[in-house]
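The structure file query_12.txt is reproduced below (compact mmCIF, C-alpha atoms and all ligand atoms).
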# COMPACT_ATOMS: atom_id res chain seq x y z
CA MET A 34 55.99 88.04 75.41
CA ALA A 35 52.40 88.45 74.20
CA GLU A 36 50.77 85.42 72.63
CA ILE A 37 49.43 85.93 69.13
CA ASN A 38 47.52 83.61 66.81
CA LEU A 39 48.68 84.28 63.27
CA LEU A 40 46.57 81.35 62.04
CA ARG A 41 43.25 82.80 63.17
CA ARG A 42 42.10 83.23 59.57
CA TYR A 43 42.88 79.62 58.62
CA PRO A 44 39.64 77.85 57.57
CA ARG A 45 38.17 75.56 60.21
CA ALA A 46 38.03 71.83 59.31
CA LYS A 47 34.52 70.57 58.50
CA ARG A 48 35.43 66.88 58.85
CA SER A 49 35.72 64.93 62.09
CA VAL A 50 39.45 64.65 62.88
CA GLY A 51 38.78 61.98 65.53
CA LYS A 52 36.88 59.81 63.05
CA ARG A 53 39.73 60.02 60.55
CA ALA A 54 42.31 58.97 63.18
CA THR A 55 40.46 55.76 64.07
CA ALA A 56 40.27 54.76 60.38
CA LYS A 57 44.08 54.62 60.10
CA THR A 58 46.10 51.45 60.41
CA ASP A 59 49.81 51.06 61.17
CA GLU A 60 50.32 50.45 57.47
CA HIS A 61 48.59 53.75 56.59
CA ILE A 62 50.86 55.56 59.06
CA ARG A 63 53.99 53.82 57.75
CA ILE A 64 53.19 54.82 54.16
CA SER A 65 52.13 58.37 55.09
CA ARG A 66 55.46 58.96 56.87
CA GLN A 67 57.24 58.50 53.57
CA TYR A 68 55.70 61.86 52.53
CA GLY A 69 55.30 60.69 48.95
CA PHE A 70 52.39 60.57 46.54
CA GLU A 71 50.14 58.67 48.96
CA TYR A 72 50.53 61.24 51.75
CA PHE A 73 49.69 64.24 49.60
CA ASP A 74 47.56 62.99 46.73
CA GLY A 75 46.65 59.39 47.51
CA ALA A 76 43.64 58.02 49.39
CA ARG A 77 42.44 59.97 52.45
CA GLU A 78 43.64 57.26 54.83
CA TYR A 79 47.25 58.09 53.97
CA GLY A 80 47.07 61.84 54.49
CA TYR A 81 45.56 64.81 52.72
CA GLY A 82 43.61 62.88 50.07
CA GLY A 83 44.58 65.54 47.51
CA TYR A 84 46.81 68.46 48.52
CA ARG A 85 45.79 71.24 46.13
CA TYR A 86 46.29 74.96 46.13
CA ASP A 87 43.18 76.99 47.01
CA GLY A 88 44.62 80.28 48.27
CA ARG A 89 43.74 79.62 51.93
CA TRP A 90 47.18 80.80 53.09
CA LEU A 91 46.82 84.27 51.59
CA PRO A 92 45.13 85.92 54.61
CA ILE A 93 47.63 84.22 56.91
CA ALA A 94 50.55 85.48 54.82
CA GLN A 95 49.00 88.98 54.96
CA ASP A 96 48.74 88.79 58.75
CA MET A 97 52.34 87.57 59.10
CA ILE A 98 53.63 90.31 56.80
CA ALA A 99 51.80 92.94 58.84
CA HIS A 100 52.83 91.46 62.19
CA TRP A 101 56.50 91.29 61.27
CA ASN A 102 56.43 94.46 59.18
CA LEU A 103 58.02 92.67 56.25
CA LYS A 104 59.09 94.68 53.21
CA PRO A 105 59.98 93.82 49.61
CA GLY A 106 63.48 92.36 49.61
CA ASP A 107 63.10 90.75 53.05
CA CYS A 108 63.67 86.99 53.25
CA VAL A 109 61.29 84.41 54.73
CA LEU A 110 61.86 80.68 55.27
CA ASP A 111 59.04 78.13 55.51
CA LEU A 112 60.15 74.85 57.11
CA GLY A 113 57.97 71.89 56.14
CA CYS A 114 56.65 73.90 53.21
CA ALA A 115 55.18 70.91 51.31
CA LYS A 116 54.24 72.07 47.78
CA GLY A 117 54.93 75.70 48.60
CA PHE A 118 51.39 77.04 48.95
CA LEU A 119 52.33 79.45 51.75
CA ILE A 120 55.45 80.50 49.84
CA LYS A 121 53.27 81.34 46.84
CA ASP A 122 50.79 83.28 48.96
CA PHE A 123 53.56 85.26 50.70
CA MET A 124 54.78 86.32 47.26
CA ARG A 125 51.23 87.15 46.13
CA ALA A 126 50.64 89.20 49.28
CA LEU A 127 53.91 91.14 49.00
CA PRO A 128 55.60 91.15 45.59
CA GLY A 129 59.36 91.40 46.05
CA LEU A 130 59.39 89.35 49.25
CA GLU A 131 61.98 86.57 48.91
CA VAL A 132 60.49 83.34 50.22
CA PHE A 133 62.10 79.90 50.34
CA GLY A 134 61.17 76.57 51.86
CA ILE A 135 62.58 73.29 53.06
CA ASP A 136 60.71 70.01 53.00
CA ILE A 137 61.78 66.40 53.30
CA SER A 138 59.42 65.40 50.49
CA ARG A 139 60.96 65.16 47.06
CA TYR A 140 57.43 64.40 45.80
CA ALA A 141 56.13 67.72 47.16
CA ALA A 142 59.06 69.66 45.67
CA MET A 143 58.54 67.94 42.32
CA HIS A 144 54.83 68.84 42.37
CA CYS A 145 55.12 72.36 43.72
CA GLU A 146 53.27 75.38 42.46
CA PRO A 147 54.91 76.75 39.28
CA GLU A 148 55.55 80.10 40.96
CA VAL A 149 57.81 78.52 43.60
CA ILE A 150 59.99 76.31 41.39
CA GLY A 151 63.59 76.67 42.60
CA ARG A 152 62.51 78.04 45.97
CA ILE A 153 62.07 74.69 47.71
CA HIS A 154 65.09 72.82 49.08
CA VAL A 155 64.62 69.12 49.77
CA GLY A 156 65.98 68.66 53.28
CA ASP A 157 65.37 67.30 56.75
CA ILE A 158 64.72 69.58 59.72
CA HIS A 159 66.65 67.08 61.84
CA ASP A 160 69.75 68.41 60.06
CA GLU A 161 71.50 71.75 60.28
CA LEU A 162 69.77 74.30 58.06
CA PRO A 163 71.88 75.00 54.96
CA PHE A 164 71.85 78.76 55.49
CA PRO A 165 74.20 81.26 57.19
CA ASP A 166 73.40 82.76 60.60
CA HIS A 167 70.64 85.39 60.61
CA SER A 168 69.94 84.98 56.90
CA PHE A 169 66.13 85.35 57.17
CA ASP A 170 63.87 88.09 58.44
CA ALA A 171 61.25 85.56 59.50
CA VAL A 172 61.02 81.78 59.77
CA VAL A 173 57.75 79.84 59.92
CA CYS A 174 57.28 76.15 60.58
CA LEU A 175 53.64 75.08 60.48
CA ASN A 176 52.27 71.64 61.36
CA THR A 177 55.74 70.10 61.17
CA LEU A 178 57.72 70.52 64.42
CA HIS A 179 55.26 68.29 66.27
CA ASN A 180 56.78 65.33 64.37
CA LEU A 181 60.06 65.76 66.27
CA LYS A 182 60.92 64.36 69.65
CA ARG A 183 63.60 65.64 72.04
CA PRO A 184 66.52 66.14 71.51
CA ALA A 185 65.83 66.60 67.77
CA LEU A 186 63.14 69.20 68.54
CA VAL A 187 65.53 71.29 70.65
CA LYS A 188 68.17 71.11 67.92
CA ALA A 189 65.64 72.18 65.26
CA LEU A 190 64.49 75.14 67.38
CA ARG A 191 68.13 76.19 67.86
CA GLU A 192 68.63 76.04 64.11
CA ILE A 193 65.53 78.21 63.58
CA GLU A 194 66.93 80.73 66.07
CA ARG A 195 70.31 80.67 64.36
CA VAL A 196 68.93 81.69 60.94
CA THR A 197 66.56 84.37 62.29
CA PRO A 198 67.64 87.94 63.10
CA ALA A 199 69.37 88.32 66.46
CA ARG A 200 67.30 91.40 67.33
CA VAL A 201 63.89 89.67 67.10
CA ARG A 202 62.96 86.00 67.25
CA ARG A 203 60.43 85.57 64.51
CA ALA A 204 59.80 81.85 64.44
CA VAL A 205 56.25 80.52 64.82
C1 LIG B 301 51.36 68.29 57.99
S1 LIG B 301 52.37 68.75 56.61
C2 LIG B 301 52.32 70.53 56.75
C3 LIG B 301 52.53 71.22 55.43
C4 LIG B 301 52.36 72.74 55.51
N1 LIG B 301 53.35 73.36 56.39
C5 LIG B 301 50.97 73.04 56.00
O1 LIG B 301 50.82 73.48 57.15
O2 LIG B 301 50.03 72.81 55.23
C6 LIG B 301 53.98 68.36 57.23
C7 LIG B 301 55.07 68.66 56.21
O3 LIG B 301 56.33 68.48 56.84
C8 LIG B 301 57.17 67.74 55.98
N2 LIG B 301 58.12 67.06 56.86
C9 LIG B 301 57.88 66.03 57.71
N3 LIG B 301 58.99 65.70 58.36
C10 LIG B 301 59.97 66.52 57.92
C11 LIG B 301 61.35 66.66 58.23
N4 LIG B 301 61.95 65.86 59.12
N5 LIG B 301 62.04 67.62 57.60
C12 LIG B 301 61.46 68.43 56.69
N6 LIG B 301 60.14 68.36 56.36
C13 LIG B 301 59.40 67.40 56.97
C14 LIG B 301 56.24 66.83 55.21
O4 LIG B 301 56.78 66.39 53.98
C15 LIG B 301 55.04 67.75 55.00
O5 LIG B 301 55.15 68.52 53.83
Rewrite the coordinates I just gave you, this time as structure tokens.
Ligand SMILES: C[S@@+](CC[C@H](N)C(=O)[O-])C[C@H]1O[C@@H](n2cnc3c(N)ncnc32)[C@H](O)[C@@H]1O
Amino acid sequence: MAEINLLRRYPRAKRSVGKRATAKTDEHIRISRQYGFEYFDGAREYGYGGYRYDGRWLPIAQDMIAHWNLKPGDCVLDLGCAKGFLIKDFMRALPGLEVFGIDISRYAAMHCEPEVIGRIHVGDIHDELPFPDHSFDAVVCLNTLHNLKRPALVKALREIERVTPARVRRAV
């Protein structure tokens, strides 16, 4: 299978990631793993330092739509969708596309973009996905699966396979 980078149009970070990592304490990590206010919109040491929509996912959504040849009426699932920025940009890029997300953060769901209200399910990717087999045309999971260790990671990947179409595996 050919390798493809569907995130090639994601903006490159200007900050030093290594510098940020050394500034974190165990307490910062403990709080950030609660995925609440501090992680998204609190001080930088806890996470994003302000997780705000800026449209950066739009070109990525366009590339994914083209790559998977998605059409209006198709269904996409974003696992670890946070406040639903990618969901919103999928819907901007292709009106009529049905996009939903799952995230463990009630805070993120409660502070989602207005356009995605009702599209985010609060849930844990350690659990079985609450959807029938093959119910999505594409499933994405960005910057989230790395949090899982075996065997939870294997189980989550199996769940992603289960809800994607049998004919093509479309998980990233
Ligand atoms: C690094 S953020 C990535 C957000 C978004 N996908 C992005 O790339 O900007 C990780 C996201 O995964 C969510 N998350 C972490 N563990 C999770 C779990 N076990 N189940 C569901 N979501 C989880 C967090 O709440 C957070 O929104």
Please tabulate, as a tab-separated table, the residues of chain A that come within 6 Å of ligand LIG 301 (chain B), each with its closest pair of atoms and the distance in Å to one decimal, counting all atoms listed in the file and ordering rows by chain, then residue number upward.
residue	atom	partner	partner_atom	distance
A:Tyr68	CA	B:LIG301	O4	4.9
A:Gly113	CA	B:LIG301	O3	3.8
A:Cys114	CA	B:LIG301	N1	4.6
A:Ala115	CA	B:LIG301	O5	3.5
A:Asp136	CA	B:LIG301	N6	3.8
A:Ile137	CA	B:LIG301	C12	4.0
A:Ser138	CA	B:LIG301	O4	4.5
A:Gly156	CA	B:LIG301	C12	5.7
A:Asp157	CA	B:LIG301	N5	3.5
A:Ile158	CA	B:LIG301	N5	3.9
A:His159	CA	B:LIG301	N4	5.6
A:Leu175	CA	B:LIG301	N1	4.4
A:Asn176	CA	B:LIG301	C2	4.7
A:Thr177	CA	B:LIG301	C6	4.7
Between A:Leu127, A:Ala76, A:Leu91, A:Leu110, which one has atoms that come closest to Phe164 in chain A, using only C-alpha atoms?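 For Phe164 in chain A, the nearest of the given residues is A:Leu110.
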Selected residue of minimal separation from Asp107 in chain A among A:Tyr72, A:Phe133, A:Phe169, A:Tyr43, counting all atoms listed in the file: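 Selected residue with least distance to Asp107 in chain A: A:Phe169.
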Spatial sel., origin (45.1, 77.6, 42.5), limit 12 Å, only C-alpha atoms, listed as JSON, numbers by chain: {"A": [84, 85, 86, 87, 88, 89, 90, 91, 116, 117, 118, 119, 121, 122, 125, 145, 146, 147, 148]}
Please determine, counting all atoms listed in the file, which residue among A:Met97, A:Leu162, A:Val173, A:Ile153 has the shortest atom-to-atom distance to Glu192 in chain A. A:Leu162
Which residue out of A:Gly69, A:Glu194, A:Asn102, A:Ala56 has the minimum interatomic distance to Ala142 in chain A when all atoms listed in the file are used?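 Counting all atoms listed in the file, the residue closest to Ala142 in chain A is A:Gly69.
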Using all atoms listed in the file, which of the listed residues (A:Ala126, A:Glu161, A:Ser168, A:Ala141) sits closest to Ala99 in chain A? A:Ala126
Test item: residues at most 10 Å from Arg42 in chain A, only C-alpha atoms, excluding those fewer than 3 positions along its chain, as a list in words: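 The filter keeps Asn38, Leu39, Arg45, Arg89, Trp90, Leu91, Pro92, Ile93, Ala94 and Asp96 of chain A.
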Report, in Å to a single decimal, how far apart CA of Val132 in chain A and CA of Gly106 in chain A are. 9.5 Å
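Across the structure, CA of Lys104 in chain A and CA of Lys188 in chain A are spaced 29.2 Å apart.
Each of A:Met34, A:Met124, A:Ile193, A:Leu103 was checked against Asp170 in chain A using all atoms listed in the file; the smallest atom-to-atom distance is that of A:Leu103.
Reported to one decimal place, the separation of CA of Ala171 in chain A from CA of Leu112 in chain A is 11.0 Å.
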Could you please fill out range 120-131 of chain A with N, CA and C atoms and send it back as a compact mmCIF listing (two decimals), in the coordinates of the input?
# COMPACT_ATOMS: atom_id res chain seq x y z
N ILE A 120 54.42 79.72 50.54
CA ILE A 120 55.45 80.50 49.84
C ILE A 120 54.80 81.32 48.73
N LYS A 121 53.96 80.66 47.95
CA LYS A 121 53.27 81.34 46.84
C LYS A 121 52.41 82.49 47.37
N ASP A 122 51.70 82.23 48.46
CA ASP A 122 50.79 83.28 48.96
C ASP A 122 51.55 84.43 49.61
N PHE A 123 52.71 84.16 50.22
CA PHE A 123 53.56 85.26 50.70
C PHE A 123 53.94 86.15 49.52
N MET A 124 54.31 85.53 48.42
CA MET A 124 54.78 86.32 47.26
C MET A 124 53.62 87.05 46.59
N ARG A 125 52.41 86.45 46.64
CA ARG A 125 51.23 87.15 46.13
C ARG A 125 50.91 88.36 47.02
N ALA A 126 51.03 88.16 48.33
CA ALA A 126 50.64 89.20 49.28
C ALA A 126 51.62 90.38 49.26
N LEU A 127 52.90 90.07 48.99
CA LEU A 127 53.91 91.14 49.00
C LEU A 127 54.93 90.88 47.89
N PRO A 128 54.63 91.34 46.67
CA PRO A 128 55.60 91.15 45.59
C PRO A 128 56.96 91.72 45.99
N GLY A 129 58.00 90.96 45.69
CA GLY A 129 59.36 91.40 46.05
C GLY A 129 59.87 90.73 47.31
N LEU A 130 58.95 90.13 48.09
CA LEU A 130 59.39 89.35 49.25
C LEU A 130 60.09 88.10 48.73
N GLU A 131 61.23 87.76 49.34
CA GLU A 131 61.98 86.57 48.91
C GLU A 131 61.65 85.43 49.85
